[in-house]
Amino acid sequence: MTIESWLQAAIADADRRGLPELKPLLETLARTTTVLRAADFNEDASGSALSAIRSPQSAVRNPQSAVRNPRAGQH
Amino acid sequence: MTIEQFGRRLRARELTAVRVTEECLRRIEADNPRLNAFICVMADEALQQAREMDQELAAGHDRGPLHGVPISIKDLLDIRGIPTTAASRVREGHVAERDAPAIAHLRQAGAVFIGKTNLHEFAFGTTSEDSAFGPVRNPHDPTRSPGGSSGGSAASVAAGMALATIGTDTGGSIRIPAAACGVVGLKPSLGEVSVEGVVPLSGTLDHVGPLTQSVTDACLVYHALIGDAAATPPAPMPIHGLRLAVPRTYFCDLLDDEVRARFEETLERLRTAGAHIDDIEIHHATDIAPVYLHIQLADASAYHATSLATMPEKYTVPVRLRLELGRYVLAEDYVRALAGRELLKREVDAALSQHDALILPTLPIPAPTIGAITIQIGAAAEPVRNLMLRLTQLFNVTGHPAISMPCGQTEAGLPCAVQLVGRRMQTDALLRVALACEAQIAGRNLKSEV
């Protein structure tokens, strides 16, 4: 289900249930879901997507490289 | 008075558990009408427990550091014979049949239960405004929120109504109010303290932990919660050579100016004392909120589905709407969030592989005014709820232990706080780091010293 079709269906369902106040919350959730689905840890059946979850190297990169400025704290 | 100070004076026969319990009850009577921190004051039961603890000590039976200590309990945990309201009309008529295991451990350790504290309804909020019993108010400024969801708990300790309190933390609900009220708040590692007998918000994100006046007290209560009542606090880690990491990107992007100033002053103080501080990256930090939200909303809505259908009018409107929102989370997105959760765990593990702890602010803003919807930071008006969860929710997702402690005040006298995060299932090691850092920063109004 696309996020757009999900959002339309959800807003219609909330209206039907007498909860029109949910609309702005559903729109915010839709934006958040868009970010979630675009994340590079999602897997794809074609095998073509970036999958950080399968690759420890890409997931955590190199712990050494996680230190952005190793000299920053030296005194 | 800290638990440590109380214990010394109790054993020196300078005071009694009854006398300190009476003093807490006196403060509750004086200040609770203003702060609304308590839902239920257990005066008779507390005085009876305190008398028994004094008699036991006089007879030579010492239960350990929590013997006779008046403690408040967030009204989300079961105490036998007492209603657990979760600050909601949905729970009308409930009376707990037995103690939650965490409460049973505290009872065994000799704690005196002074009362049950107000909270954001069902722990589903960060301000403690939406409660069937009315909003909790911040002891530092009653026009402001004490944070949440354990807002009554934090207020009770900050106002001297209890020597310590027990809260719960699903996205920051111990650390956020601890920061807003100027006390210490510890979220142990995920799974360390039993959540049985605790009304859940999210079965996979909930934690139980203490809010106290010092890190030493947090150690004592934490050990009692896991059934180790006789434990003494660990020795502080040496500050010289302590390795701390600041996750700058995302975590320091949106900070109130005064919060930023207090945080940087804290780092400088720790550096001067000999700590080694690096900047590091959590590469998927921008995915934290989406991952957290999809798990937490769906978990909460599953638990509340029946009550939402049968008694929706008994919820406060904002909490009901957020619970209803969770019913629209798709299974495929929940699964995506679980995948993101595993990745974030590994990224925090990696960030800690060469450091003793992460260090970051707890709250990006001082305690917000009650009723505020957004807060202006720089050019942007940010939603209060998003801001308050922004720096804490990651460690619920990953399960790493985290502790918040005061690090100064704003010009207006509102507390600021720093958060330390340790390795998974190494809460004691984190506490050793926190003890070392507290010795450099605690009790000091950093702003006034500058």
# chains A, B, ... in the order shown; residues from 1 in each chain; ligands from 1
call {"tool": "residues_around", "arguments": {"residues": "A:Leu7", "least_positions_apart": "6", "cutoff": "9 Å", "atoms": "only C-alpha atoms", "output": "ChimeraX atom specification"}}
result
/A:23,26-27,29-30
call {"tool": "atom_distance", "arguments": {"atom1": "atom CA of B:Val41", "atom2": "atom CA of B:Ala58"}}
result
26.9 Å
call {"tool": "closest_residue", "arguments": {"among": "A:Ser5, A:Arg17, A:Ser46, A:Ala10", "to": "chain B", "atoms": "only C-alpha atoms"}}
result
A:Ala10
call {"tool": "interface_residues", "arguments": {"of": "chain B", "to": "chain A", "cutoff": "7 Å", "atoms": "only C-alpha atoms", "output": "tab-separated table (two decimals) with C-alpha atoms, in the first residue's frame"}}
result
chain	number	residue	atom	x	y	z
B	276	HIS	CA	38.99	12.61	27.26
B	277	ILE	CA	36.05	13.74	25.12
B	278	ASP	CA	35.56	12.88	21.42
B	279	ASP	CA	32.83	13.77	18.98
B	280	ILE	CA	31.19	10.74	17.34
B	281	GLU	CA	28.35	10.04	14.90
B	287	ASP	CA	15.72	7.56	11.62
B	290	PRO	CA	10.33	7.16	12.86
B	291	VAL	CA	11.61	3.87	14.31
B	321	LEU	CA	-6.22	10.51	19.81
B	325	LEU	CA	-3.41	6.96	15.72
B	328	TYR	CA	-3.38	2.88	11.66
B	336	ARG	CA	10.67	-1.91	9.05
B	339	ALA	CA	14.88	-3.64	11.42
B	340	GLY	CA	15.86	-0.06	12.15
B	343	LEU	CA	20.67	-1.26	13.28
B	346	ARG	CA	24.59	-1.80	16.67
B	347	GLU	CA	25.42	1.85	16.00
B	350	ALA	CA	29.86	0.77	18.04
B	351	ALA	CA	29.91	4.31	19.41
call {"tool": "closest_residue", "arguments": {"among": "B:Leu391, B:Leu338, B:Leu344, B:Val433", "to": "B:Asp253", "atoms": "only C-alpha atoms"}}
result
B:Leu391
call {"tool": "residues_around", "arguments": {"residues": "stretch 254-257 of chain B", "least_positions_apart": "4", "cutoff": "8 Å", "atoms": "only C-alpha atoms", "output": "PyMOL selection string"}}
result
chain B and resi 250+261+364-366+377
call {"tool": "residues_around", "arguments": {"residues": "stretch 188-199 of chain B", "least_positions_apart": "6", "cutoff": "10 Å", "atoms": "only C-alpha atoms", "output": "MDAnalysis selection string"}}
result
chainID B and resid 74:79 84:86 96:103 122:123 168:169 205:210 222:227 303 395:403 421:428 430:431
call {"tool": "write_last_selection", "arguments": {"atoms": "N, CA and C atoms", "output": "short mmCIF file (atom, residue, chain, number, x, y, z; two decimals), in the first residue's frame"}}
result
data_model
loop_
_atom_site.label_atom_id
_atom_site.label_comp_id
_atom_site.auth_asym_id
_atom_site.auth_seq_id
_atom_site.Cartn_x
_atom_site.Cartn_y
_atom_site.Cartn_z
N LYS B 74 5.32 5.94 41.23
CA LYS B 74 4.48 6.36 40.09
C LYS B 74 3.22 5.49 40.06
N ASP B 75 2.08 6.11 39.87
CA ASP B 75 0.83 5.35 39.95
C ASP B 75 0.57 4.54 38.68
N LEU B 76 1.61 3.82 38.31
CA LEU B 76 1.55 2.90 37.17
C LEU B 76 1.98 1.50 37.65
N LEU B 77 2.53 1.47 38.90
CA LEU B 77 3.03 0.21 39.47
C LEU B 77 2.06 -0.28 40.55
N ASP B 78 1.84 -1.57 40.57
CA ASP B 78 0.92 -2.16 41.54
C ASP B 78 1.53 -2.22 42.94
N ILE B 79 0.79 -1.67 43.90
CA ILE B 79 1.05 -1.88 45.33
C ILE B 79 -0.19 -2.59 45.86
N THR B 84 -4.32 1.18 41.18
CA THR B 84 -3.33 1.67 40.22
C THR B 84 -4.11 2.40 39.14
N THR B 85 -4.12 3.73 39.21
CA THR B 85 -5.01 4.49 38.35
C THR B 85 -4.42 4.77 36.97
N ALA B 86 -3.10 4.77 36.84
CA ALA B 86 -2.44 5.21 35.59
C ALA B 86 -2.91 6.61 35.20
N ALA B 96 -5.03 -3.19 43.17
CA ALA B 96 -4.00 -4.20 42.90
C ALA B 96 -4.11 -5.35 43.91
N GLU B 97 -4.04 -6.56 43.40
CA GLU B 97 -4.13 -7.73 44.28
C GLU B 97 -2.79 -8.07 44.91
N ARG B 98 -1.72 -7.72 44.22
CA ARG B 98 -0.39 -8.04 44.76
C ARG B 98 0.60 -6.96 44.35
N ASP B 99 1.74 -6.95 45.02
CA ASP B 99 2.81 -6.02 44.66
C ASP B 99 3.43 -6.42 43.33
N ALA B 100 3.75 -5.43 42.49
CA ALA B 100 4.63 -5.70 41.35
C ALA B 100 5.96 -6.21 41.91
N PRO B 101 6.68 -7.07 41.18
CA PRO B 101 7.96 -7.56 41.70
C PRO B 101 8.92 -6.44 42.11
N ALA B 102 8.94 -5.35 41.36
CA ALA B 102 9.83 -4.23 41.73
C ALA B 102 9.43 -3.65 43.08
N ILE B 103 8.11 -3.56 43.32
CA ILE B 103 7.62 -3.06 44.61
C ILE B 103 7.94 -4.06 45.72
N PHE B 122 -1.65 7.14 31.44
CA PHE B 122 -1.07 5.90 30.91
C PHE B 122 0.38 6.07 30.46
N ALA B 123 1.06 7.07 31.03
CA ALA B 123 2.47 7.34 30.70
C ALA B 123 2.66 7.75 29.24
N THR B 168 8.76 5.19 35.43
CA THR B 168 8.92 4.31 34.27
C THR B 168 9.34 5.17 33.08
N ASP B 169 9.98 4.50 32.10
CA ASP B 169 10.62 5.23 31.00
C ASP B 169 10.43 4.43 29.72
N LEU B 205 9.53 -1.43 24.97
CA LEU B 205 10.33 -0.22 25.23
C LEU B 205 10.31 0.21 26.70
N ASP B 206 9.42 -0.38 27.51
CA ASP B 206 9.23 0.08 28.89
C ASP B 206 10.40 -0.31 29.80
N HIS B 207 10.76 0.60 30.68
CA HIS B 207 11.77 0.37 31.71
C HIS B 207 11.23 0.91 33.04
N VAL B 208 11.70 0.35 34.15
CA VAL B 208 11.40 0.87 35.49
C VAL B 208 12.73 1.32 36.12
N GLY B 209 12.71 2.47 36.81
CA GLY B 209 13.95 2.93 37.42
C GLY B 209 13.71 4.03 38.44
N PRO B 210 14.77 4.45 39.14
CA PRO B 210 14.64 5.44 40.21
C PRO B 210 14.87 6.88 39.76
N TYR B 222 18.38 1.44 42.60
CA TYR B 222 18.48 0.51 41.46
C TYR B 222 18.78 -0.91 41.95
N HIS B 223 19.73 -1.02 42.85
CA HIS B 223 20.09 -2.36 43.36
C HIS B 223 18.94 -2.98 44.14
N ALA B 224 18.22 -2.17 44.89
CA ALA B 224 17.06 -2.71 45.60
C ALA B 224 16.00 -3.18 44.59
N LEU B 225 15.81 -2.44 43.51
CA LEU B 225 14.80 -2.81 42.50
C LEU B 225 15.10 -4.16 41.86
N ILE B 226 16.38 -4.51 41.76
CA ILE B 226 16.71 -5.80 41.16
C ILE B 226 16.93 -6.88 42.23
N GLY B 227 16.57 -6.54 43.47
CA GLY B 227 16.59 -7.56 44.52
C GLY B 227 17.90 -7.68 45.26
N TYR B 303 -2.46 -2.68 23.25
CA TYR B 303 -2.84 -2.85 24.66
C TYR B 303 -4.18 -2.16 24.95
N PHE B 395 17.60 5.52 23.37
CA PHE B 395 18.13 4.52 24.29
C PHE B 395 17.04 3.61 24.86
N ASN B 396 15.78 3.95 24.58
CA ASN B 396 14.70 2.99 24.79
C ASN B 396 14.65 2.02 23.62
N VAL B 397 14.87 2.54 22.43
CA VAL B 397 14.89 1.70 21.23
C VAL B 397 16.03 0.69 21.33
N THR B 398 17.19 1.13 21.81
CA THR B 398 18.37 0.25 21.82
C THR B 398 18.55 -0.51 23.13
N GLY B 399 17.93 -0.04 24.20
CA GLY B 399 18.02 -0.72 25.49
C GLY B 399 19.25 -0.37 26.31
N HIS B 400 20.06 0.58 25.86
CA HIS B 400 21.26 0.95 26.63
C HIS B 400 20.86 1.69 27.91
N PRO B 401 21.60 1.47 29.02
CA PRO B 401 21.30 2.21 30.24
C PRO B 401 21.67 3.68 30.09
N ALA B 402 20.87 4.56 30.71
CA ALA B 402 21.11 6.00 30.58
C ALA B 402 20.72 6.69 31.88
N ILE B 403 21.48 7.70 32.23
CA ILE B 403 21.20 8.43 33.48
C ILE B 403 21.25 9.92 33.20
N VAL B 421 25.23 7.70 28.78
CA VAL B 421 24.70 6.44 28.26
C VAL B 421 25.80 5.40 28.29
N GLY B 422 25.51 4.23 28.87
CA GLY B 422 26.53 3.19 28.99
C GLY B 422 26.26 2.00 28.10
N ARG B 423 27.14 1.01 28.22
CA ARG B 423 27.00 -0.20 27.40
C ARG B 423 25.83 -1.04 27.90
N ARG B 424 25.22 -1.77 26.96
CA ARG B 424 24.05 -2.59 27.32
C ARG B 424 24.41 -3.58 28.42
N MET B 425 23.49 -3.73 29.36
CA MET B 425 23.61 -4.65 30.51
C MET B 425 24.84 -4.34 31.38
N GLN B 426 25.30 -3.10 31.31
CA GLN B 426 26.42 -2.69 32.18
C GLN B 426 26.02 -1.42 32.94
N THR B 427 24.88 -1.49 33.61
CA THR B 427 24.38 -0.33 34.33
C THR B 427 25.33 0.07 35.46
N ASP B 428 25.92 -0.91 36.13
CA ASP B 428 26.85 -0.56 37.22
C ASP B 428 28.05 0.22 36.69
N LEU B 430 28.05 2.15 34.09
CA LEU B 430 27.55 3.50 33.81
C LEU B 430 27.46 4.32 35.10
N LEU B 431 27.00 3.67 36.17
CA LEU B 431 26.88 4.40 37.44
C LEU B 431 28.24 4.83 37.95
#
